[in-house]
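Trainee: I'm passing along start.cif; it holds mmCIF, C-alpha atoms.
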data_my_file
loop_
_atom_site.label_atom_id
_atom_site.label_comp_id
_atom_site.auth_asym_id
_atom_site.auth_seq_id
_atom_site.Cartn_x
_atom_site.Cartn_y
_atom_site.Cartn_z
CA MET A 1474 -9.38 22.03 -15.57
CA LEU A 1475 -12.18 22.19 -13.00
CA ALA A 1476 -11.18 18.72 -11.81
CA LEU A 1477 -7.71 20.09 -11.06
CA THR A 1478 -9.30 22.82 -8.95
CA ILE A 1479 -11.03 20.14 -6.88
CA THR A 1480 -7.69 18.31 -6.71
CA ARG A 1481 -5.95 21.39 -5.34
CA LEU A 1482 -8.66 21.99 -2.75
CA GLN A 1483 -8.64 18.35 -1.66
CA LEU A 1484 -4.85 18.33 -1.38
CA GLN A 1485 -4.82 21.54 0.66
CA GLU A 1486 -7.50 20.18 2.98
CA LEU A 1487 -5.63 16.93 3.63
CA LEU A 1488 -2.27 18.63 4.18
CA ARG A 1489 -3.83 21.07 6.67
CA ARG A 1490 -5.29 18.28 8.80
CA ARG A 1491 -3.67 17.65 12.16
CA LEU A 1492 -3.73 13.94 11.31
CA PHE A 1493 -1.23 14.50 8.50
CA LEU A 1494 1.13 16.41 10.81
CA VAL A 1495 0.90 13.69 13.46
CA LEU A 1496 1.56 11.06 10.78
CA LEU A 1497 4.69 12.92 9.66
CA LEU A 1498 6.00 13.26 13.22
CA LEU A 1499 5.39 9.60 14.02
CA THR A 1500 7.05 8.62 10.75
CA VAL A 1501 10.17 10.56 11.71
CA VAL A 1502 10.24 8.83 15.10
CA VAL A 1503 9.76 5.38 13.57
CA ILE A 1504 12.46 5.97 10.95
CA ALA A 1505 14.87 7.09 13.67
CA LEU A 1506 14.16 4.04 15.85
CA THR A 1507 14.32 1.53 13.00
CA THR A 1508 17.52 3.07 11.68
CA TRP A 1509 19.10 2.65 15.11
CA GLY A 1510 17.96 -0.98 15.08
CA PHE A 1511 19.47 -1.55 11.64
CA SER A 1512 22.73 0.00 12.82
CA ARG A 1513 23.10 -2.86 15.33
CA ILE A 1514 23.11 -5.54 12.61
CA PRO A 1515 26.84 -5.23 11.74
CA SER A 1516 27.69 -5.92 15.40
CA LEU A 1517 25.90 -9.29 15.38
CA GLY A 1518 28.32 -12.12 16.06
CA GLU A 1519 31.01 -9.91 17.56
CA GLY A 1520 33.14 -11.82 20.03
CA GLN A 1521 32.17 -15.16 18.49
CA ALA A 1522 34.34 -17.56 16.53
CA ARG A 1523 32.28 -17.04 13.38
CA PRO A 1524 31.26 -13.41 12.86
CA ILE A 1525 28.29 -12.64 10.65
CA SER A 1526 29.09 -12.77 6.93
CA ASP A 1527 28.09 -10.23 4.30
CA VAL A 1528 25.46 -12.63 2.92
CA GLN A 1529 23.99 -13.18 6.38
CA ARG A 1530 23.99 -9.45 7.07
CA ALA A 1531 22.12 -8.81 3.82
CA ALA A 1532 19.60 -11.55 4.64
CA VAL A 1533 18.93 -10.18 8.13
CA ALA A 1534 18.70 -6.60 6.87
CA SER A 1535 16.31 -7.56 4.07
CA GLN A 1536 13.98 -9.46 6.40
CA LEU A 1537 13.89 -6.63 8.93
CA LEU A 1538 13.35 -4.13 6.12
CA ILE A 1539 10.42 -6.20 4.84
CA LEU A 1540 8.84 -6.14 8.32
CA VAL A 1541 9.37 -2.39 8.59
CA MET A 1542 7.90 -1.82 5.15
CA PHE A 1543 4.93 -4.04 5.98
CA MET A 1544 4.19 -1.68 8.85
CA PHE A 1545 4.71 1.21 6.43
CA SER A 1546 2.30 -0.31 3.89
CA PHE A 1547 -0.29 -0.86 6.63
CA VAL A 1548 -0.01 2.74 7.82
CA LEU A 1549 -0.18 3.94 4.23
CA ALA A 1550 -3.26 1.83 3.48
CA PHE A 1551 -4.89 2.79 6.79
CA SER A 1552 -4.30 6.49 6.15
CA ALA A 1553 -5.50 6.22 2.55
CA VAL A 1554 -8.71 4.50 3.65
CA PHE A 1555 -9.61 7.03 6.32
CA ALA A 1556 -8.68 9.96 4.10
CA ALA A 1557 -10.82 8.72 1.21
CA ALA A 1558 -13.78 7.27 3.14
CA PRO A 1559 -15.20 10.67 4.22
CA ALA A 1560 -13.92 12.58 1.18
CA ILE A 1561 -17.34 12.73 -0.48
CA SER A 1562 -19.79 11.60 2.20
CA ALA A 1563 -18.70 14.26 4.72
CA GLU A 1564 -19.13 17.07 2.20
CA VAL A 1565 -22.52 15.70 1.14
CA GLU A 1566 -23.68 15.69 4.77
CA SER A 1567 -22.42 19.23 5.38
CA GLY A 1568 -23.96 20.60 2.18
CA THR A 1569 -20.59 21.61 0.73
CA THR A 1570 -21.01 19.32 -2.26
CA LEU A 1571 -24.37 20.83 -3.19
CA ALA A 1572 -22.89 24.32 -3.09
CA MET A 1573 -19.92 23.30 -5.25
CA LEU A 1574 -22.04 21.49 -7.82
CA ALA A 1575 -24.23 24.58 -8.18
CA ARG A 1576 -21.26 26.03 -10.05
CA PRO A 1577 -20.29 24.76 -13.52
CA ILE A 1578 -18.67 21.60 -12.11
CA THR A 1579 -19.85 18.19 -13.23
CA ARG A 1580 -20.03 15.24 -10.89
CA LEU A 1581 -17.39 13.50 -13.00
CA GLU A 1582 -14.97 16.39 -12.44
CA TYR A 1583 -15.82 16.42 -8.74
CA VAL A 1584 -15.10 12.72 -8.15
CA VAL A 1585 -12.00 12.62 -10.37
CA GLY A 1586 -10.66 15.77 -8.70
CA LYS A 1587 -11.15 14.21 -5.27
CA TRP A 1588 -9.37 11.05 -6.40
CA LEU A 1589 -6.42 12.95 -7.86
CA GLY A 1590 -6.05 14.97 -4.67
CA LEU A 1591 -6.00 11.81 -2.56
CA VAL A 1592 -3.48 10.14 -4.85
CA ALA A 1593 -1.26 13.23 -4.75
CA THR A 1594 -1.32 13.14 -0.94
CA VAL A 1595 -0.26 9.49 -0.95
CA LEU A 1596 2.63 10.29 -3.28
CA ILE A 1597 3.74 13.28 -1.19
CA TYR A 1598 3.94 11.12 1.92
CA ALA A 1599 4.99 7.71 0.60
CA ILE A 1600 7.85 8.55 -1.75
CA PRO A 1601 9.98 10.62 0.69
CA ALA A 1602 9.23 8.39 3.72
CA ALA A 1603 10.09 5.09 2.03
CA SER A 1604 13.06 6.56 0.17
CA ILE A 1605 14.59 8.03 3.33
CA GLN A 1606 14.19 4.71 5.15
CA MET A 1607 15.92 2.76 2.35
CA VAL A 1608 18.74 5.29 2.06
CA LEU A 1609 19.40 5.19 5.81
CA VAL A 1610 19.48 1.38 5.75
CA GLN A 1611 22.04 1.58 2.96
CA ILE A 1612 24.15 3.98 5.03
CA VAL A 1613 24.12 2.10 8.36
CA VAL A 1614 24.07 -1.51 7.11
CA GLY A 1615 25.32 -1.36 3.55
CA TYR A 1616 22.23 -3.16 2.23
CA SER A 1617 20.36 -1.66 -0.68
CA PRO A 1618 17.15 -3.31 -1.96
CA PRO A 1619 17.66 -4.67 -5.48
CA HIS A 1620 14.53 -2.99 -6.88
CA PRO A 1621 13.75 0.21 -4.93
CA LEU A 1622 11.73 1.90 -7.69
CA GLU A 1623 9.61 -1.19 -8.18
CA PHE A 1624 9.01 -1.31 -4.44
CA LEU A 1625 7.72 2.25 -4.44
CA ALA A 1626 5.45 1.50 -7.39
CA PHE A 1627 3.99 -1.63 -5.78
CA VAL A 1628 3.41 -0.21 -2.31
CA ILE A 1629 1.93 3.03 -3.67
CA GLY A 1630 -0.22 0.98 -6.04
CA GLU A 1631 -1.55 -0.97 -3.06
CA ALA A 1632 -2.50 2.28 -1.33
CA ILE A 1633 -4.20 3.61 -4.47
CA VAL A 1634 -6.25 0.42 -4.73
CA VAL A 1635 -7.69 0.75 -1.21
CA LEU A 1636 -8.01 4.52 -1.67
CA THR A 1637 -10.11 4.07 -4.81
CA LEU A 1638 -12.27 1.44 -3.15
CA SER A 1639 -12.84 3.71 -0.15
CA LEU A 1640 -13.76 6.62 -2.42
CA LEU A 1641 -16.37 4.39 -4.06
CA LEU A 1642 -17.77 3.50 -0.63
CA SER A 1643 -17.79 7.21 0.22
CA THR A 1644 -20.36 7.84 -2.51
CA ARG A 1645 -22.86 5.63 -0.67
CA PHE A 1646 -21.88 5.31 3.00
CA ALA A 1647 -20.83 7.54 5.88
CA GLY A 1648 -17.11 7.99 6.43
CA MET A 1649 -16.79 5.64 9.40
CA VAL A 1650 -18.75 2.87 7.68
CA GLY A 1651 -16.74 3.20 4.49
CA GLY A 1652 -13.43 3.32 6.36
CA VAL A 1653 -14.11 0.25 8.47
CA SER A 1654 -15.44 -1.63 5.43
CA GLY A 1655 -12.36 -0.74 3.39
CA LEU A 1656 -9.99 -1.94 6.11
CA ILE A 1657 -11.90 -5.20 6.56
CA LEU A 1658 -11.78 -5.90 2.83
CA TRP A 1659 -8.05 -5.09 2.78
CA GLY A 1660 -7.47 -7.54 5.63
CA LEU A 1661 -9.56 -10.23 3.95
CA ALA A 1662 -7.57 -9.86 0.74
CA TRP A 1663 -4.32 -10.25 2.68
CA MET A 1664 -5.60 -13.36 4.44
CA GLY A 1665 -6.83 -14.69 1.10
CA GLY A 1666 -3.28 -14.47 -0.21
CA ILE A 1667 -2.03 -16.49 2.76
CA VAL A 1668 -4.75 -19.09 2.18
CA GLY A 1669 -3.67 -19.36 -1.45
CA GLY A 1670 -0.07 -19.90 -0.36
CA VAL A 1671 -1.12 -22.65 2.04
CA GLY A 1672 -3.06 -24.29 -0.77
CA LEU A 1673 0.03 -24.21 -2.96
CA VAL A 1674 2.14 -25.82 -0.24
CA PHE A 1675 -0.33 -28.66 0.30
CA ASP A 1676 -1.36 -28.92 -3.35
CA ASN A 1677 -4.96 -28.04 -2.50
CA ALA A 1678 -6.66 -26.63 -5.59
CA THR A 1679 -9.58 -25.13 -3.67
CA LEU A 1680 -7.39 -23.06 -1.35
CA THR A 1681 -5.15 -22.05 -4.25
CA HIS A 1682 -8.17 -20.82 -6.21
CA VAL A 1683 -9.33 -18.83 -3.18
CA GLY A 1684 -5.98 -17.06 -3.08
CA THR A 1685 -6.03 -16.38 -6.81
CA ALA A 1686 -9.58 -15.04 -6.67
CA SER A 1687 -8.77 -12.73 -3.76
CA LYS A 1688 -5.80 -11.27 -5.65
CA LEU A 1689 -8.07 -10.50 -8.59
CA ILE A 1690 -11.10 -9.20 -6.69
CA LEU A 1691 -8.99 -6.86 -4.53
CA PRO A 1692 -5.40 -6.81 -5.82
CA THR A 1693 -3.73 -5.49 -2.68
CA ASP A 1694 -2.02 -8.73 -1.65
CA GLY A 1695 -0.66 -9.31 -5.14
CA LEU A 1696 0.91 -5.85 -5.09
CA TRP A 1697 2.27 -6.44 -1.59
CA ARG A 1698 3.98 -9.61 -2.83
CA GLY A 1699 5.57 -7.52 -5.55
CA ALA A 1700 6.81 -5.07 -2.92
CA VAL A 1701 8.30 -7.96 -0.90
CA TRP A 1702 10.08 -9.32 -3.97
CA SER A 1703 11.56 -5.88 -4.60
CA LEU A 1704 13.28 -5.89 -1.20
CA GLU A 1705 14.75 -9.41 -1.24
CA PRO A 1706 18.36 -10.17 -2.22
CA ALA A 1707 18.90 -12.76 -4.94
CA THR A 1708 20.69 -15.10 -2.51
CA LEU A 1709 17.64 -15.29 -0.25
CA ILE A 1710 15.31 -16.00 -3.17
CA ALA A 1711 17.63 -18.73 -4.45
CA ALA A 1712 17.81 -20.37 -1.01
CA ALA A 1713 14.02 -20.29 -0.62
CA ARG A 1714 13.52 -21.80 -4.07
CA ALA A 1715 15.92 -24.60 -3.19
CA ALA A 1716 13.80 -25.35 -0.11
CA GLY A 1717 10.74 -26.05 -2.28
CA VAL A 1718 7.21 -24.63 -2.16
CA ALA A 1719 7.08 -24.31 1.63
CA ALA A 1720 7.94 -20.60 1.45
CA ALA A 1721 4.80 -19.90 -0.61
CA ALA A 1722 2.69 -19.69 2.56
CA ASN A 1723 4.91 -16.95 4.00
CA PRO A 1724 3.26 -13.53 3.45
CA PHE A 1725 6.69 -11.92 3.79
CA PHE A 1726 8.30 -13.80 0.91
CA ALA A 1727 7.86 -13.71 -2.85
CA ALA A 1728 10.04 -15.64 -5.26
CA ASP A 1729 8.88 -13.75 -8.35
CA PRO A 1730 7.43 -10.34 -9.16
CA PRO A 1731 3.83 -10.03 -10.37
CA GLU A 1732 3.44 -10.74 -14.06
CA ALA A 1733 3.03 -7.82 -16.41
CA LEU A 1734 -0.53 -8.94 -17.17
CA TYR A 1735 -1.37 -8.76 -13.47
CA VAL A 1736 -0.01 -5.22 -13.24
CA VAL A 1737 -2.21 -4.30 -16.21
CA TRP A 1738 -5.15 -5.89 -14.38
CA CYS A 1739 -4.41 -3.76 -11.30
CA VAL A 1740 -4.42 -0.57 -13.37
CA ALA A 1741 -7.65 -1.63 -15.09
CA TRP A 1742 -9.17 -2.47 -11.68
CA ILE A 1743 -8.39 1.01 -10.35
CA LEU A 1744 -9.85 2.72 -13.42
CA PHE A 1745 -12.96 0.50 -13.34
CA VAL A 1746 -13.66 1.14 -9.64
CA LEU A 1747 -13.10 4.86 -10.18
CA ALA A 1748 -15.60 4.75 -13.05
CA VAL A 1749 -18.09 2.95 -10.80
CA ALA A 1750 -17.55 5.63 -8.15
CA VAL A 1751 -18.36 8.32 -10.72
CA TRP A 1752 -21.45 6.42 -11.84
CA SER A 1753 -22.56 5.87 -8.25
CA PHE A 1754 -22.20 9.54 -7.41
CA THR A 1755 -24.07 10.68 -10.53
CA ARG A 1756 -26.99 8.48 -9.43
CA LYS A 1757 -26.97 9.81 -5.88
CA GLU A 1758 -29.61 12.28 -4.76
CA LEU A 1759 -28.11 15.23 -2.89
#
Reformat the file's structure so that it appears as C-alpha cells.

Mentor:
Amino acid sequence: MLALTITRLQLQELLRRRLFLVLLLLTVVVIALTTWGFSRIPSLGEGQARPISDVQRAAVASQLLILVMFMFSFVLAFSAVFAAAPAISAEVESGTTLAMLARPITRLEYVVGKWLGLVATVLIYAIPAASIQMVLVQIVVGYSPPHPLEFLAFVIGEAIVVLTLSLLLSTRFAGMVGGVSGLILWGLAWMGGIVGGVGLVFDNATLTHVGTASKLILPTDGLWRGAVWSLEPATLIAAARAAGVAAAANPFFAADPPEALYVVWCVAWILFVLAVAVWSFTRKEL
C-alpha cells in the first residue's frame, strides 16, 4: 500500500508540471493540423480522368497515419525518458528521498511506486491522444486501422520500455545524463532494426544478427514494428509481400506482428530491468 502512496505522489507531481500542460496543448494543435491534412485525402485526384479509389485512399491514409504515429511514439518516448530520468536522482540530490525513507517505506516500495506513477502518466496521456487521432481519421477519411487496440498496446509498451530503462539510469546518474543516455539508446535500437532489415534484404547474416540482437537488448524497435503492423491495411501488406523482401528495410512497414514469445520477452525485459533498478537503488548510499 505504501508503494501506491508513492505512485499517487509521483502522478500528482507529473500532472502538475508545466511540461505536461504544454504537451497537452501541443498535442491538441498537432491533432487539429493532422486531421485537416487527412481531410484533404478524399479530394486527391479530383478533376482527373481517374479519381482516387477506395483502396488507394486507404493506402495513403494508412501511410500518413503511420508517419503521424511515429511522431507520436517519439514524443511519447521522449517525454517518458525525461520524466523518468530525474524521478529518483533529483529527489536524492534534494534530500527528499532521505526524508521519505526515514518513514516506514522500503526502497522496493519507493522504486516500484515511482515506476507505477510514471506508467500511469503514460497511460493517461497516450490512450486518449492516440484514440482521438484514430477516431478523427475514421471520421474525415473513412479509414480505420485494422488493429487499434494492438497499436495502443505496442506503442505504450515501447514507452514503458524506455521509461523503465531511464528509471534504472536515474538510480545512478543525474537526470540530464540519464535522459540523454536513454534517448541515445532508443535511437541506437531503432537504427539497429533498420540495419537488420537491410541485412535481410541483402541476405547478410551479420547485419541480420545485429538487428535481431538490438531488438532483444532493447525491444523498442520490435514493439514499434508491431505498432506499424497494427495500422496497415491488409491490401498494403499483401502488395508489399508480393514485392519480395525489399520492404524489410523500411522502418515504416511490418508484414507481420511480433510473435507471442517476443511479447513475453518484452514483458520479462521490463520486469527484469525494474528489478535491477530496485537492486541498484538498495545498494546506493544516500

Trainee: So the first atom is CA of Gly1586 (chain A) and the second is CA of Ala1476 (chain A); what is the distance between them in Å, to one decimal place?

Mentor: 4.3 Å

Trainee: List the spatial neighbours of region 1637-1650 of chain A as number ranges by chain - criterion: any atom at most 6 Å away, all atoms listed in the file, same-chain residues fewer than 6 positions off excluded.

Mentor: A: 1554, 1557-1559, 1561-1562, 1750, 1754

Trainee: Output the selection as a tab-separated table (two decimals), in the coordinates of the input - C-alpha atoms for each residue.

Mentor:
chain	number	residue	atom	x	y	z
A	1554	VAL	CA	-8.71	4.50	3.65
A	1557	ALA	CA	-10.82	8.72	1.21
A	1558	ALA	CA	-13.78	7.27	3.14
A	1559	PRO	CA	-15.20	10.67	4.22
A	1561	ILE	CA	-17.34	12.73	-0.48
A	1562	SER	CA	-19.79	11.60	2.20
A	1750	ALA	CA	-17.55	5.63	-8.15
A	1754	PHE	CA	-22.20	9.54	-7.41

Trainee: With all atoms listed in the file counted and 9 Å as the cut-off, give the residues of region 1608-1636 of chain A in contact with region 1723-1743 of chain A, each with its shortest interatomic distance in Å and the pair that gives it, as a tab-separated table.

Mentor:
residue	atom	partner	partner_atom	distance
A:Gly1630	CA	A:Cys1739	CA	8.2
A:Ile1633	CA	A:Ile1743	CA	7.7
A:Val1634	CA	A:Ile1743	CA	6.0

Trainee: Take the PyMOL selection byres ((chain A and resi 1533) around 12), apply it to the structure above, and return the hits as a PyMOL selection string.

Mentor: chain A and resi 1510-1515+1517+1525-1532+1534-1540+1610+1614-1616+1704-1706+1708-1709

Trainee: Take the selection from the previous step and output its residues with C-alpha atoms, as a tab-separated table (two decimals), in the coordinates of the input.

Mentor:
chain	number	residue	atom	x	y	z
A	1510	GLY	CA	17.96	-0.98	15.08
A	1511	PHE	CA	19.47	-1.55	11.64
A	1512	SER	CA	22.73	0.00	12.82
A	1513	ARG	CA	23.10	-2.86	15.33
A	1514	ILE	CA	23.11	-5.54	12.61
A	1515	PRO	CA	26.84	-5.23	11.74
A	1517	LEU	CA	25.90	-9.29	15.38
A	1525	ILE	CA	28.29	-12.64	10.65
A	1526	SER	CA	29.09	-12.77	6.93
A	1527	ASP	CA	28.09	-10.23	4.30
A	1528	VAL	CA	25.46	-12.63	2.92
A	1529	GLN	CA	23.99	-13.18	6.38
A	1530	ARG	CA	23.99	-9.45	7.07
A	1531	ALA	CA	22.12	-8.81	3.82
A	1532	ALA	CA	19.60	-11.55	4.64
A	1534	ALA	CA	18.70	-6.60	6.87
A	1535	SER	CA	16.31	-7.56	4.07
A	1536	GLN	CA	13.98	-9.46	6.40
A	1537	LEU	CA	13.89	-6.63	8.93
A	1538	LEU	CA	13.35	-4.13	6.12
A	1539	ILE	CA	10.42	-6.20	4.84
A	1540	LEU	CA	8.84	-6.14	8.32
A	1610	VAL	CA	19.48	1.38	5.75
A	1614	VAL	CA	24.07	-1.51	7.11
A	1615	GLY	CA	25.32	-1.36	3.55
A	1616	TYR	CA	22.23	-3.16	2.23
A	1704	LEU	CA	13.28	-5.89	-1.20
A	1705	GLU	CA	14.75	-9.41	-1.24
A	1706	PRO	CA	18.36	-10.17	-2.22
A	1708	THR	CA	20.69	-15.10	-2.51
A	1709	LEU	CA	17.64	-15.29	-0.25

Trainee: Report the distance between CA of Ala1700 (chain A) and CA of Phe1624 (chain A) in Å, rounded to one decimal place.

Mentor: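 Atom-to-atom, CA of Ala1700 (chain A) and CA of Phe1624 (chain A) are spaced 4.6 Å apart.
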
Trainee: Which one is closest to Thr1594 (chain A): A:Val1653, A:Leu1658, A:Ala1632, A:Leu1680? Count all atoms listed in the file.

Mentor: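 For Thr1594 (chain A), the nearest of the given residues is A:Ala1632.
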
Trainee: Translate the PyMOL selection byres ((chain A and resi 1688) around 10), as applied to the file shown, into an explicit residue set as an NGL selection string.

Mentor: :A and (1662-1663 or 1665-1666 or 1669 or 1682-1687 or 1689-1696 or 1735 or 1739)

Trainee: Neighbours of Leu1488 (chain A) within 12 Å (only C-alpha atoms; same-chain residues fewer than 5 positions away dropped), as an NGL selection string?

Mentor: :A and (1481-1483 or 1493-1497 or 1556 or 1590-1591 or 1593-1595 or 1597-1598)

Trainee: Take the residues from that selection and put them in a file with C-alpha atoms, as an mmCIF file, in the coordinates of the input.

Mentor:
data_model
loop_
_atom_site.group_PDB
_atom_site.id
_atom_site.type_symbol
_atom_site.label_atom_id
_atom_site.label_comp_id
_atom_site.auth_asym_id
_atom_site.auth_seq_id
_atom_site.Cartn_x
_atom_site.Cartn_y
_atom_site.Cartn_z
ATOM 1 C CA ARG A 1481 -5.950 21.390 -5.340
ATOM 2 C CA LEU A 1482 -8.660 21.990 -2.750
ATOM 3 C CA GLN A 1483 -8.640 18.350 -1.660
ATOM 4 C CA PHE A 1493 -1.230 14.500 8.500
ATOM 5 C CA LEU A 1494 1.130 16.410 10.810
ATOM 6 C CA VAL A 1495 0.900 13.690 13.460
ATOM 7 C CA LEU A 1496 1.560 11.060 10.780
ATOM 8 C CA LEU A 1497 4.690 12.920 9.660
ATOM 9 C CA ALA A 1556 -8.680 9.960 4.100
ATOM 10 C CA GLY A 1590 -6.050 14.970 -4.670
ATOM 11 C CA LEU A 1591 -6.000 11.810 -2.560
ATOM 12 C CA ALA A 1593 -1.260 13.230 -4.750
ATOM 13 C CA THR A 1594 -1.320 13.140 -0.940
ATOM 14 C CA VAL A 1595 -0.260 9.490 -0.950
ATOM 15 C CA ILE A 1597 3.740 13.280 -1.190
ATOM 16 C CA TYR A 1598 3.940 11.120 1.920
#

Trainee: Between CA of Gly1655 (chain A) and CA of Ala1553 (chain A), what distance in Å does the model show, to one decimal?

Mentor: 9.8 Å

Trainee: Which residue, A:Phe1545, A:Trp1659, A:Ser1552, A:Ala1626, has the smallest gap to Thr1507 (chain A) when you use all atoms listed in the file?

Mentor: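 Ranking A:Phe1545, A:Trp1659, A:Ser1552, A:Ala1626 by distance to Thr1507 (chain A), first place goes to A:Phe1545.
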
Trainee: Between A:Val1584, A:Leu1574, A:Val1635, A:Ala1603, which one has atoms that come closest to Gly1651 (chain A), using all atoms listed in the file?

Mentor: A:Val1635

Trainee: Choose the residue, out of A:Gly1568, A:Pro1618, A:Pro1577, A:Gly1660, that has the smallest atom-to-atom separation from Gln1606 (chain A); count all atoms listed in the file.

Mentor: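 Closest residue, counting all atoms listed in the file: A:Pro1618.
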
Trainee: Return as AutoDock Vina command-line options the centre and edge lengths, in Å with one decimal, of the box along x, y and z that encloses every atom of region 1561-1578 of chain A in the file, padded by 4 Å per side.

Mentor:
--center_x -20.9 --center_y 18.8 --center_z -4.1 --size_x 15.0 --size_y 22.4 --size_z 26.9
